[in-house]
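Notes follow once the structure below has been shown.
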Amino acid sequence: MAPAAPATSPGHDPRSDGRRRPAQRTVSRRALLQLLVGVLVVGVIPIVATVHILDANALQNERARTDSALRAQLQGASQELGQLGDDASNRADDLARSPVLQRAIIASDRSAIKKIAAGAPGVLFYLRRERVAGHGPPVALARSISLTVNGKRIGTVVATIALNRRLAARLARTAAHGRSDRLLIVRDGTVVGTGQHIQMHGRTVQVGGHSYRGLLSRVPNAVGISLFALRPEKTISANVRPYQHRILYAALGSFALLILVALGFARPILNALGDFRRVASQAATDGLTSLANRRSFDDELALEWRRAERVGDSLALVLVDLDNFKSINDELGHQAGDAVLRRVATILDSSARQVDFAARYGGEEFAVLAPETDLRGATTLAERLCADVAAATIELPDGRELSVTASVGVAVKGDLDRAEKLVAAADEALYEAKRGGKNRVMVADPQRETATTVSA
């Protein structure tokens, strides 16, 4: 079987002329746009992730600074409130030590006690357990001193500190605080002085429809009363916003630089990728027929053989050799021979199934590898290929038409133990078809004997 001589005249298919392939280096706008979009998407993901992480860190750091400031406010307010409590205790103690009050309480002189109470606002006076004088605020911090005789309490003096908005403002002034910070006195979930309800989820506090970052401190010796130091969430966000803007500007700059780099290098990258694809294609594809080449066929055969061995599937091989091809080259020229090879390759590629693997095996010889195909199916495929080749009319470069025939050899894996034996069996069947008169199909059976199937 003589190999086809390479076509050298300028009239043949451009796919067979390596010198004309540089024209394929033109980069289409669509490919350029796709690469730009891909680069931008891949580049944007880390940029966006970095911006998100930096924003989150900035907000977390600002909240940490807020917590530190609120904690200092609570500490200062608690110290001031403690001082006020000590003052109230001293006041109650001074009144309890007064001889006038002591005589009035011992004598149960209510009138005298009321006169003393008139000069001591915010102080309550008790005879035993009964309040006889003084008025206190509705919400107050109390400090009391008891008067006893022979171990029995005969009276009590209670000094109070009004817990109201005025006290909250005073406590806020004593500690360093931000312009928008608030200090609230809260009793059982209600803000003293306003009646607003307070809701706390972690360190997020809702008051009057506004959201705050807040910390609380329990007031000693006052059941259900707490101090709340608050800073509006919008203030925290405003403090972070300049830094976030800088991050955004840096991200936009990085994004713009990425666009410039993509625009500058997109075309060279596409050209390099195109060269790589062409080299890979040339390594796996026959340049004349665009079918897989011998190397790709050997790789596919090894792969399918291993798969068939593993799962127990059948595997068939069909070898096709053009009859009297040397005379076409000798009498009509290599351009005519190339046209015949390309046309036959098209017939094989279109007649084979999608799962089959068609390749140019060498010269005028072709191979079709048919996975999951038994002897009967392979014979049917071979007969169809043989008939399609014989029925085709091939137009030559000079306008003349030509018909050719092919001899076909078929073999199946069966009990064969190596892929090389499958190729040898199909090749032997092919030669039997040649010796038997050509334009026919010969099948190698598993026992290495051949049976003849003729295709007109």
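Letters A, B, ... go to the chains of the structure tokens in the order shown; residues in each chain start at 1; ligands are counted from 1 in the same order.
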
Mind checking DSSP for stretch 99-204 of chain A and telling me the alpha helix (DSSP H) residues as a PyMOL selection string?
-> chain A and resi 99-106+110-118+165-174

Could you give me, as CSV, a per-residue list for stretch 59-135 of chain A showing, wherever an atom lies at most 6 Å from an atom of stretch 158-162 of chain A, the closest pair of atoms and their distance in Å to one decimal, using only C-alpha atoms and sorting by chain then residue number from low to high?
residue,atom,partner,partner_atom,distance
A:Ala88,CA,A:Ala159,CA,5.4
A:Ala92,CA,A:Ala159,CA,5.4
A:Gly122,CA,A:Thr160,CA,5.6
A:Val123,CA,A:Ala159,CA,4.5
A:Leu124,CA,A:Val158,CA,5.0

Do you know which residues are at most 8 Å from A:Val132 counting only C-alpha atoms, after dropping those on the same chain fewer than 4 positions away, and could you put them as a PyMOL selection string?
-> chain A and resi 110+113-114+124-127

Selection file, N, CA and C atoms, as a tab-separated table (two decimals), in the first residue's frame:
chain	number	residue	atom	x	y	z
A	110	ARG	N	-44.38	63.53	116.33
A	110	ARG	CA	-44.52	63.61	114.88
A	110	ARG	C	-44.37	65.05	114.38
A	113	ILE	N	-40.77	65.91	114.16
A	113	ILE	CA	-40.12	65.21	113.04
A	113	ILE	C	-40.46	65.88	111.72
A	114	LYS	N	-41.72	66.32	111.57
A	114	LYS	CA	-42.13	66.97	110.31
A	114	LYS	C	-41.42	68.30	110.13
A	124	LEU	N	-36.54	60.81	104.00
A	124	LEU	CA	-37.73	60.19	104.57
A	124	LEU	C	-37.46	59.81	106.02
A	125	PHE	N	-38.50	60.00	106.89
A	125	PHE	CA	-38.35	59.71	108.31
A	125	PHE	C	-39.41	58.69	108.70
A	126	TYR	N	-38.97	57.66	109.41
A	126	TYR	CA	-39.85	56.56	109.80
A	126	TYR	C	-39.83	56.40	111.32
A	127	LEU	N	-41.03	56.22	111.89
A	127	LEU	CA	-41.16	55.76	113.27
A	127	LEU	C	-41.45	54.28	113.21

Per DSSP on the backbone, filter stretch 170-387 of chain A down to the residues in strand (DSSP E) and report them as a PyMOL selection string.
-> chain A and resi 182-187+190-191+198-201+204-207+210-218+225-232+315-322+357-362+365-371

Point-to-point distance from atom CA of A:Leu260 to atom CA of A:Ile247, Å rounded to tenths | 19.9 Å

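Within the 12 Å cut-off around A:Asp87, using only C-alpha atoms and omitting residues fewer than 4 positions from it on the same chain, the listed residues are Glu80, Leu81, Gly82, Gln83, Arg91, Ala92, Asp93, Asp94, Leu141, Ala142, Arg143, Ser144, Ala159, Thr160 and Ile161 of chain A.
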
Requested write-out: C-alpha atoms of the selected residues, as a compact mmCIF listing (two decimals), in the first residue's frame:
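This is the output file result28.txt:
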# COMPACT_ATOMS: atom_id res chain seq x y z
CA GLU A 80 -19.89 59.71 90.33
CA LEU A 81 -23.03 57.80 91.31
CA GLY A 82 -21.09 56.06 94.07
CA GLN A 83 -19.94 59.45 95.37
CA ARG A 91 -26.46 63.16 105.12
CA ALA A 92 -28.69 60.46 106.61
CA ASP A 93 -26.07 59.76 109.28
CA ASP A 94 -25.77 63.44 110.23
CA LEU A 141 -31.34 55.43 95.04
CA ALA A 142 -31.73 55.24 98.84
CA ARG A 143 -29.27 55.25 101.74
CA SER A 144 -30.70 54.65 105.23
CA ALA A 159 -31.74 59.85 102.20
CA THR A 160 -32.66 59.47 98.50
CA ILE A 161 -31.05 60.34 95.20

At a cut-off of 7 Å, using only C-alpha atoms, what residues contact A:Leu230? Leave out same-chain residues fewer than 3 positions from it and give the result as a JSON list (two decimals) with C-alpha atoms, in the first residue's frame.
[["chain", "number", "residue", "atom", "x", "y", "z"],
["A", 70, "LEU", "CA", -18.40, 53.40, 76.46],
["A", 181, "ASP", "CA", -23.21, 59.45, 72.99],
["A", 182, "ARG", "CA", -26.04, 58.95, 75.47],
["A", 183, "LEU", "CA", -26.11, 57.83, 79.09],
["A", 212, "TYR", "CA", -27.09, 52.02, 69.21],
["A", 213, "ARG", "CA", -23.95, 50.24, 70.24],
["A", 214, "GLY", "CA", -24.33, 49.90, 74.01],
["A", 215, "LEU", "CA", -22.84, 48.66, 77.28]]

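Distances from A:Leu147, A:Val48, A:Ile106, A:Leu184 to A:Ser217 were compared using only C-alpha atoms, and the smallest one belongs to A:Leu184.
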
A:Asp374: which residues within 8 Å, counting only C-alpha atoms, same-chain residues fewer than 4 positions away excluded, as a ChimeraX atom specification?
-> /A:314-316,378,412

Write a file of the just-selected residues containing N, CA and C atoms, as a CSV table (one decimal), in the first residue's frame.
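Below is the file that was written, result-v8.csv:
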chain,number,residue,atom,x,y,z
A,314,SER,N,-17.2,-5.1,25.0
A,314,SER,CA,-16.6,-5.5,23.7
A,314,SER,C,-15.9,-4.3,23.1
A,315,LEU,N,-15.0,-4.6,22.1
A,315,LEU,CA,-14.3,-3.6,21.4
A,315,LEU,C,-13.9,-4.1,20.0
A,316,ALA,N,-14.2,-3.3,19.0
A,316,ALA,CA,-14.0,-3.7,17.6
A,316,ALA,C,-13.1,-2.6,16.9
A,378,ALA,N,-19.8,-4.5,14.3
A,378,ALA,CA,-18.6,-4.1,13.6
A,378,ALA,C,-18.7,-4.4,12.1
A,412,VAL,N,-12.5,-8.1,16.4
A,412,VAL,CA,-13.0,-7.7,17.7
A,412,VAL,C,-12.1,-8.3,18.8

Leaving out A:Val186 and any residue of its chain fewer than 3 positions from it, which residues lie within 8 Å of it when counting only C-alpha atoms, given as a list of chain:residue names?
-> A:Gly189, A:Thr190, A:Val191, A:Val192, A:Ile225, A:Ser226, A:Leu227, A:Phe228

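With distances restricted to only C-alpha atoms, A:Asp323 is the closest residue to A:Ala433 from A:Asp286, A:Glu309, A:Glu304, A:Asp323.
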
Which residue of A:Arg440, A:Arg203, A:His210, A:Arg97 approaches A:Val157 most closely, using only C-alpha atoms | A:Arg97

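Of the listed residues (A:Ala107, A:Leu322, A:Ala222, A:Val44), A:Ala222 comes nearest to A:Gly85; the distances count only C-alpha atoms.
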
Residue with smallest distance to A:Asp427 - pool A:Cys386, A:Ile347, A:Ala391, A:Val318, counting only C-alpha atoms | A:Val318
